[in-house]
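Peer 1: For reference, the file work-v3.pdb (PDB, C-alpha atoms) is included below:
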ATOM      1  CA  MET S   1      20.882  16.303  38.389
ATOM      2  CA  VAL S   2      20.916  14.286  35.111
ATOM      3  CA  MET S   3      17.625  13.612  33.357
ATOM      4  CA  LYS S   4      17.337  10.325  31.475
ATOM      5  CA  SER S   5      15.571  10.322  28.124
ATOM      6  CA  PRO S   6      12.133   8.668  28.191
ATOM      7  CA  LEU S   7      12.658   7.394  24.641
ATOM      8  CA  LYS S   8      13.898   3.915  25.412
ATOM      9  CA  GLY S   9      13.295   0.814  23.382
ATOM     10  CA  PRO S  10      11.462  -2.102  25.022
ATOM     11  CA  GLY S  11      13.777  -4.130  27.219
ATOM     12  CA  SER S  12      16.569  -1.580  26.809
ATOM     13  CA  SER S  13      19.104  -1.614  29.607
ATOM     14  CA  SER S  14      21.504   1.011  28.235
ATOM     15  CA  ASN S  15      21.284   4.733  28.780
ATOM     16  CA  VAL S  16      21.370   5.439  25.021
ATOM     17  CA  SER S  17      18.155   7.017  23.764
ATOM     18  CA  LEU S  18      16.422   5.819  20.589
ATOM     19  CA  ILE S  19      17.396   9.056  18.883
ATOM     20  CA  ASP S  20      21.115   8.460  19.496
ATOM     21  CA  ARG S  21      21.180   4.861  18.267
ATOM     22  CA  PRO S  22      22.745   4.158  14.857
ATOM     23  CA  LEU S  23      20.552   3.549  11.797
ATOM     24  CA  ASN S  24      22.159   0.179  11.083
ATOM     25  CA  ARG S  25      20.611  -1.432  14.159
ATOM     26  CA  PRO S  26      19.142  -4.932  13.758
ATOM     27  CA  ARG S  27      15.712  -5.228  12.156
ATOM     28  CA  THR S  28      12.672  -5.242  14.405
ATOM     29  CA  GLU S  29       9.179  -6.410  13.553
ATOM     30  CA  VAL S  30       6.016  -4.393  13.985
ATOM     31  CA  ASN S  31       3.036  -6.078  15.586
ATOM     32  CA  LEU S  32       0.535  -7.052  12.876
ATOM     33  CA  SER S  33      -2.423  -5.782  14.916
ATOM     34  CA  ALA S  34      -0.767  -2.379  15.330
ATOM     35  CA  PHE S  35      -0.023  -2.142  11.609
ATOM     36  CA  ALA S  36      -3.567  -3.202  10.645
ATOM     37  CA  PHE S  37      -5.044  -0.609  13.022
ATOM     38  CA  LEU S  38      -2.820   2.227  11.780
ATOM     39  CA  PHE S  39      -3.418   1.356   8.134
ATOM     40  CA  SER S  40      -7.195   1.156   8.607
ATOM     41  CA  GLU S  41      -7.081   4.579  10.287
ATOM     42  CA  LEU S  42      -5.136   5.937   7.303
ATOM     43  CA  VAL S  43      -7.741   4.536   4.904
ATOM     44  CA  GLN S  44     -10.643   5.953   6.967
ATOM     45  CA  TYR S  45      -8.941   9.354   7.305
ATOM     46  CA  SER S  46      -8.383   9.500   3.543
ATOM     47  CA  GLN S  47     -11.891   8.224   2.778
ATOM     48  CA  GLN S  48     -13.482  11.136   4.658
ATOM     49  CA  ARG S  49     -11.703  13.625   2.385
ATOM     50  CA  VAL S  50     -12.557  12.193  -1.035
ATOM     51  CA  THR S  51     -15.657  11.652  -3.142
ATOM     52  CA  SER S  52     -14.655   8.685  -5.304
ATOM     53  CA  VAL S  53     -12.695   5.440  -5.261
ATOM     54  CA  THR S  54     -10.157   6.867  -7.728
ATOM     55  CA  GLU S  55      -9.437   9.827  -5.439
ATOM     56  CA  LEU S  56      -9.036   7.530  -2.439
ATOM     57  CA  GLU S  57      -6.572   5.294  -4.281
ATOM     58  CA  HIS S  58      -4.666   8.390  -5.423
ATOM     59  CA  ARG S  59      -4.401   9.632  -1.819
ATOM     60  CA  LEU S  60      -3.121   6.244  -0.635
ATOM     61  CA  GLU S  61      -0.589   6.259  -3.462
ATOM     62  CA  GLU S  62       0.640   9.729  -2.441
ATOM     63  CA  VAL S  63       1.213   8.588   1.134
ATOM     64  CA  GLY S  64       2.961   5.443  -0.113
ATOM     65  CA  TYR S  65       5.204   7.544  -2.375
ATOM     66  CA  ARG S  66       6.553   9.464   0.627
ATOM     67  CA  VAL S  67       7.152   6.181   2.451
ATOM     68  CA  GLY S  68       8.966   4.755  -0.604
ATOM     69  CA  THR S  69      11.484   7.585  -0.825
ATOM     70  CA  ARG S  70      12.429   7.041   2.825
ATOM     71  CA  VAL S  71      12.547   3.246   2.524
ATOM     72  CA  LEU S  72      15.037   3.537  -0.341
ATOM     73  CA  GLU S  73      17.344   5.793   1.684
ATOM     74  CA  LEU S  74      17.212   3.530   4.727
ATOM     75  CA  LEU S  75      17.717   0.237   2.883
ATOM     76  CA  CYS S  76      20.539   1.592   0.710
ATOM     77  CA  TYR S  77      22.303   2.567   3.921
ATOM     78  CA  ARG S  78      21.582  -0.656   5.814
ATOM     79  CA  GLU S  79      21.798  -3.280   3.083
ATOM     80  CA  LYS S  80      24.039  -1.860   0.391
ATOM     81  CA  GLY S  81      26.571   0.400   2.143
ATOM     82  CA  ASN S  82      25.115   3.552   0.506
ATOM     83  CA  ARG S  83      25.375   2.060  -2.997
ATOM     84  CA  ARG S  84      22.416   2.215  -5.364
ATOM     85  CA  GLU S  85      21.387   0.054  -8.272
ATOM     86  CA  THR S  86      22.152   1.417 -11.746
ATOM     87  CA  ARG S  87      20.568  -1.371 -13.811
ATOM     88  CA  LEU S  88      16.864  -2.001 -14.315
ATOM     89  CA  LEU S  89      16.848  -5.681 -13.299
ATOM     90  CA  GLY S  90      18.956  -4.828 -10.253
ATOM     91  CA  ILE S  91      16.456  -2.283  -8.913
ATOM     92  CA  LEU S  92      13.507  -4.577  -9.731
ATOM     93  CA  ASN S  93      15.105  -7.476  -7.823
ATOM     94  CA  PHE S  94      15.884  -5.095  -4.960
ATOM     95  CA  VAL S  95      12.193  -4.113  -4.748
ATOM     96  CA  HIS S  96      10.964  -7.697  -5.266
ATOM     97  CA  THR S  97      13.168  -9.198  -2.524
ATOM     98  CA  THR S  98      14.831  -6.732  -0.131
ATOM     99  CA  VAL S  99      12.037  -4.155   0.040
ATOM    100  CA  TRP S 100       9.274  -6.776   0.229
ATOM    101  CA  LYS S 101      11.092  -8.721   2.969
ATOM    102  CA  THR S 102      11.623  -5.535   4.972
ATOM    103  CA  LEU S 103       8.029  -4.350   4.653
ATOM    104  CA  PHE S 104       6.067  -7.616   4.564
ATOM    105  CA  GLY S 105       8.408 -10.274   5.962
ATOM    106  CA  LYS S 106       8.742 -12.258   2.700
ATOM    107  CA  PRO S 107       9.650 -11.630  -0.935
ATOM    108  CA  ALA S 108       6.885 -10.942  -3.440
ATOM    109  CA  GLU S 109       5.540 -14.036  -5.171
ATOM    110  CA  SER S 110       6.633 -13.154  -8.683
ATOM    111  CA  LEU S 111       8.464 -10.612 -10.813
ATOM    112  CA  GLU S 112       7.607 -10.830 -14.518
ATOM    113  CA  ARG S 113       8.254  -8.907 -17.691
ATOM    114  CA  GLY S 114       5.250  -7.849 -19.756
ATOM    115  CA  ALA S 115       4.566 -10.192 -22.664
ATOM    116  CA  ASP S 116       3.690  -7.427 -25.124
ATOM    117  CA  ASN S 117       5.820  -4.467 -24.021
ATOM    118  CA  GLU S 118       9.504  -4.525 -23.080
ATOM    119  CA  ASP S 119       9.103  -1.480 -20.823
ATOM    120  CA  GLU S 120       6.505  -3.145 -18.559
ATOM    121  CA  TYR S 121       7.216  -5.298 -15.509
ATOM    122  CA  MET S 122       4.851  -6.768 -12.924
ATOM    123  CA  ILE S 123       5.236  -7.684  -9.274
ATOM    124  CA  SER S 124       2.475  -9.989  -8.034
ATOM    125  CA  ASP S 125       1.466 -11.007  -4.529
ATOM    126  CA  ARG S 126      -1.528 -13.209  -3.712
ATOM    127  CA  GLU S 127      -1.850 -12.117  -0.072
ATOM    128  CA  LEU S 128      -0.718  -8.495  -0.060
ATOM    129  CA  LEU S 129      -0.789  -7.425   3.580
ATOM    130  CA  VAL S 130      -2.588  -4.116   3.001
ATOM    131  CA  ASN S 131      -5.511  -5.915   1.309
ATOM    132  CA  ARG S 132      -5.769  -8.774   3.790
ATOM    133  CA  TYR S 133      -7.706  -7.071   6.598
ATOM    134  CA  ILE S 134      -9.677  -4.492   4.638
ATOM    135  CA  SER S 135     -13.429  -4.886   4.245
ATOM    136  CA  VAL S 136     -14.590  -2.719   1.352
ATOM    137  CA  PRO S 137     -18.086  -1.141   1.498
ATOM    138  CA  LYS S 138     -20.376  -1.822  -1.469
ATOM    139  CA  ASP S 139     -20.173   1.762  -2.720
ATOM    140  CA  PHE S 140     -16.354   1.387  -2.791
ATOM    141  CA  GLY S 141     -16.460  -2.023  -4.482
ATOM    142  CA  GLU S 142     -13.481  -1.443  -6.793
ATOM    143  CA  LEU S 143     -11.167  -0.104  -4.070
ATOM    144  CA  ASN S 144      -7.672  -1.614  -4.095
ATOM    145  CA  CYS S 145      -5.637  -0.595  -1.044
ATOM    146  CA  GLY S 146      -2.610  -1.970  -2.855
ATOM    147  CA  SER S 147      -2.386   1.580  -4.244
ATOM    148  CA  PHE S 148      -0.471   2.369  -1.052
ATOM    149  CA  VAL S 149       2.146  -0.240  -2.023
ATOM    150  CA  SER S 150       2.261   0.953  -5.637
ATOM    151  CA  GLY S 151       3.017   4.412  -4.214
ATOM    152  CA  ILE S 152       5.896   2.916  -2.212
ATOM    153  CA  VAL S 153       7.236   1.206  -5.355
ATOM    154  CA  LYS S 154       6.926   4.414  -7.399
ATOM    155  CA  GLY S 155       8.683   6.405  -4.669
ATOM    156  CA  ILE S 156      11.573   3.933  -4.658
ATOM    157  CA  LEU S 157      11.888   3.789  -8.454
ATOM    158  CA  ASP S 158      11.669   7.564  -8.955
ATOM    159  CA  SER S 159      14.180   8.264  -6.179
ATOM    160  CA  ALA S 160      16.577   5.654  -7.582
ATOM    161  CA  GLY S 161      16.496   7.269 -11.038
ATOM    162  CA  PHE S 162      14.054   4.877 -12.747
ATOM    163  CA  PRO S 163      10.952   7.038 -13.366
ATOM    164  CA  SER S 164       7.878   5.028 -14.253
ATOM    165  CA  GLN S 165       4.115   4.894 -14.165
ATOM    166  CA  VAL S 166       3.019   2.463 -11.441
ATOM    167  CA  SER S 167      -0.516   1.113 -11.038
ATOM    168  CA  THR S 168      -2.231  -1.612  -9.028
ATOM    169  CA  HIS S 169      -4.650  -4.185 -10.406
ATOM    170  CA  TYR S 170      -6.609  -7.172  -9.170
ATOM    171  CA  VAL S 171      -6.110 -10.339 -11.225
ATOM    172  CA  ALA S 172      -8.512 -13.237 -10.743
ATOM    173  CA  VAL S 173      -6.880 -16.567  -9.874
ATOM    174  CA  GLU S 174      -8.676 -19.749 -10.838
ATOM    175  CA  GLY S 175      -9.827 -21.725  -7.795
ATOM    176  CA  GLN S 176      -9.178 -18.862  -5.351
ATOM    177  CA  SER S 177     -11.814 -16.679  -3.722
ATOM    178  CA  ARG S 178      -9.514 -13.657  -3.442
ATOM    179  CA  PRO S 179      -7.817 -12.108  -6.488
ATOM    180  CA  ARG S 180      -4.068 -11.639  -6.741
ATOM    181  CA  THR S 181      -2.696  -8.091  -6.513
ATOM    182  CA  THR S 182      -0.430  -7.099  -9.385
ATOM    183  CA  ILE S 183       1.665  -3.944  -9.431
ATOM    184  CA  LEU S 184       2.360  -2.869 -13.011
ATOM    185  CA  MET S 185       5.420  -0.701 -13.703
ATOM    186  CA  LYS S 186       5.796   1.019 -17.083
ATOM    187  CA  PHE S 187       9.188   2.688 -17.424
ATOM    188  CA  THR S 188       9.869   5.872 -19.385
ATOM    189  CA  PRO S 189      11.664   5.725 -22.772
ATOM    190  CA  GLU S 190      14.698   7.425 -21.165
ATOM    191  CA  VAL S 191      15.099   4.547 -18.706
ATOM    192  CA  MET S 192      14.884   1.940 -21.459
ATOM    193  CA  ALA S 193      17.356   3.844 -23.668
ATOM    194  CA  ARG S 194      19.833   4.124 -20.769
ATOM    195  CA  GLU S 195      19.439   0.418 -20.041
ATOM    196  CA  GLN S 196      20.190  -0.421 -23.663
ATOM    197  CA  ARG S 197      23.303   1.775 -23.616
ATOM    198  CA  LEU S 198      24.556   0.126 -20.411
ATOM    199  CA  GLY S 199      23.884  -3.301 -21.877
ATOM    200  CA  ASN S 200      25.921  -2.519 -24.994
ATOM    201  CA  SER S 201      28.922  -1.120 -23.101
TER     202      SER S 201
END
Go through the file and emit its structure as structure tokens.

Peer 2:
Amino acid sequence: MVMKSPLKGPGSSSNVSLIDRPLNRPRTEVNLSAFAFLFSELVQYSQQRVTSVTELEHRLEEVGYRVGTRVLELLCYREKGNRRETRLLGILNFVHTTVWKTLFGKPAESLERGADNEDEYMISDRELLVNRYISVPKDFGELNCGSFVSGIVKGILDSAGFPSQVSTHYVAVEGQSRPRTTILMKFTPEVMAREQRLGNS
């Protein structure tokens, strides 16, 4: 007697289990309601184990970091044939477009270089998905759940060999009720020195 695996994808007619399918299968979308529910559960679970907004944002960033390292591996395999970016602008464009499209269904709104510092770059998104359905209690008024996404970005950059400090900020937009979320990336001197060497060669 042959037992069939219960792990079948929806509408699957083949006898191949989900575990045996190749990684380069076509993209599938996750239901927005399911994502919102799971993310709110993650926030509530983390909130019960911290005493301040800063600690909660740090926990969300830690979870995002682990997601980011896995996203990089998967997308390098699927999109780039196991090749990785070696230049700073290449990895930033990869995060701004490919990663954002995979995670949120569209590229981020903008990628900008810091006006004052050459080692700072910013990715901005007006309607960041993780902030869209979160209602913040008054005692957590400064909470920015975009810390989860900054953790993903940091995980990707660190794993790709571009170590940096990544933080999330709200930026007020004139004429809009909701602020824009900006992810600030400050790269280490080693990254900038390597980039200069590659640019000169």

Peer 1: Considering only C-alpha atoms, state which residue in the set S:Ala34, S:Leu89, S:Leu56, S:Val166 is at the smallest distance from S:Ile152.

Peer 2: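 Closest to S:Ile152 of all the choices is S:Val166.
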
Peer 1: Can you tell me how far atom CA of S:His169 sits from atom CA of S:Thr182, in Å to one decimal?

Peer 2: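 For atom CA of S:His169 relative to atom CA of S:Thr182, the distance reads 5.2 Å.
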
Peer 1: May I have the residues within 8 Å of S:Gly146 as a count of residues only, using all atoms listed in the file and disregarding those fewer than 5 positions away in the same chain?

Peer 2: 5

Peer 1: Please provide as a ChimeraX atom specification all residues within 10 Å of S:Val171, with the sequence filter that same-chain residues fewer than 4 positions apart are discarded (counting only C-alpha atoms).

Peer 2: /S:124,126,178-182

Peer 1: With the file shown as input, list the residues that the PyMOL selection byres ((chain S and resi 64-68) around 6) selects, as a ChimeraX atom specification.

Peer 2: /S:61-63,69-71,148,151-152,155-156

Peer 1: Would you save the residues of that selection, restricted to C-alpha atoms, as an mmCIF file, in the coordinates of the input?

Peer 2:
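And here is the file that came out, again.cif:
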data_model
loop_
_atom_site.group_PDB
_atom_site.id
_atom_site.type_symbol
_atom_site.label_atom_id
_atom_site.label_comp_id
_atom_site.auth_asym_id
_atom_site.auth_seq_id
_atom_site.Cartn_x
_atom_site.Cartn_y
_atom_site.Cartn_z
ATOM 1 C CA GLU S 61 -0.589 6.259 -3.462
ATOM 2 C CA GLU S 62 0.640 9.729 -2.441
ATOM 3 C CA VAL S 63 1.213 8.588 1.134
ATOM 4 C CA THR S 69 11.484 7.585 -0.825
ATOM 5 C CA ARG S 70 12.429 7.041 2.825
ATOM 6 C CA VAL S 71 12.547 3.246 2.524
ATOM 7 C CA PHE S 148 -0.471 2.369 -1.052
ATOM 8 C CA GLY S 151 3.017 4.412 -4.214
ATOM 9 C CA ILE S 152 5.896 2.916 -2.212
ATOM 10 C CA GLY S 155 8.683 6.405 -4.669
ATOM 11 C CA ILE S 156 11.573 3.933 -4.658
#

Peer 1: Mind giving me the straight-line distance from atom CA of S:Tyr45 to atom CA of S:Ile183 in Å, one decimal?

Peer 2: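 One can read the atom CA of S:Tyr45 to atom CA of S:Ile183 distance as 23.9 Å.
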
Peer 1: Put the listed atoms of stretch 65-74 of chain S in a box along x, y and z with 3 Å added on every side and give me the centre and edge lengths in Å to one decimal, as lines of an AutoDock Vina configuration file.

Peer 2:
center_x = 11.3
center_y = 6.4
center_z = 1.2
size_x = 18.1
size_y = 12.2
size_z = 13.1

Peer 1: Just say which residues the PyMOL selection byres ((chain S and resi 72-84) around 12) picks in this file, as a PyMOL selection string.

Peer 2: chain S and resi 22-27+65-71+85-88+90-91+94-95+97-103+152-162
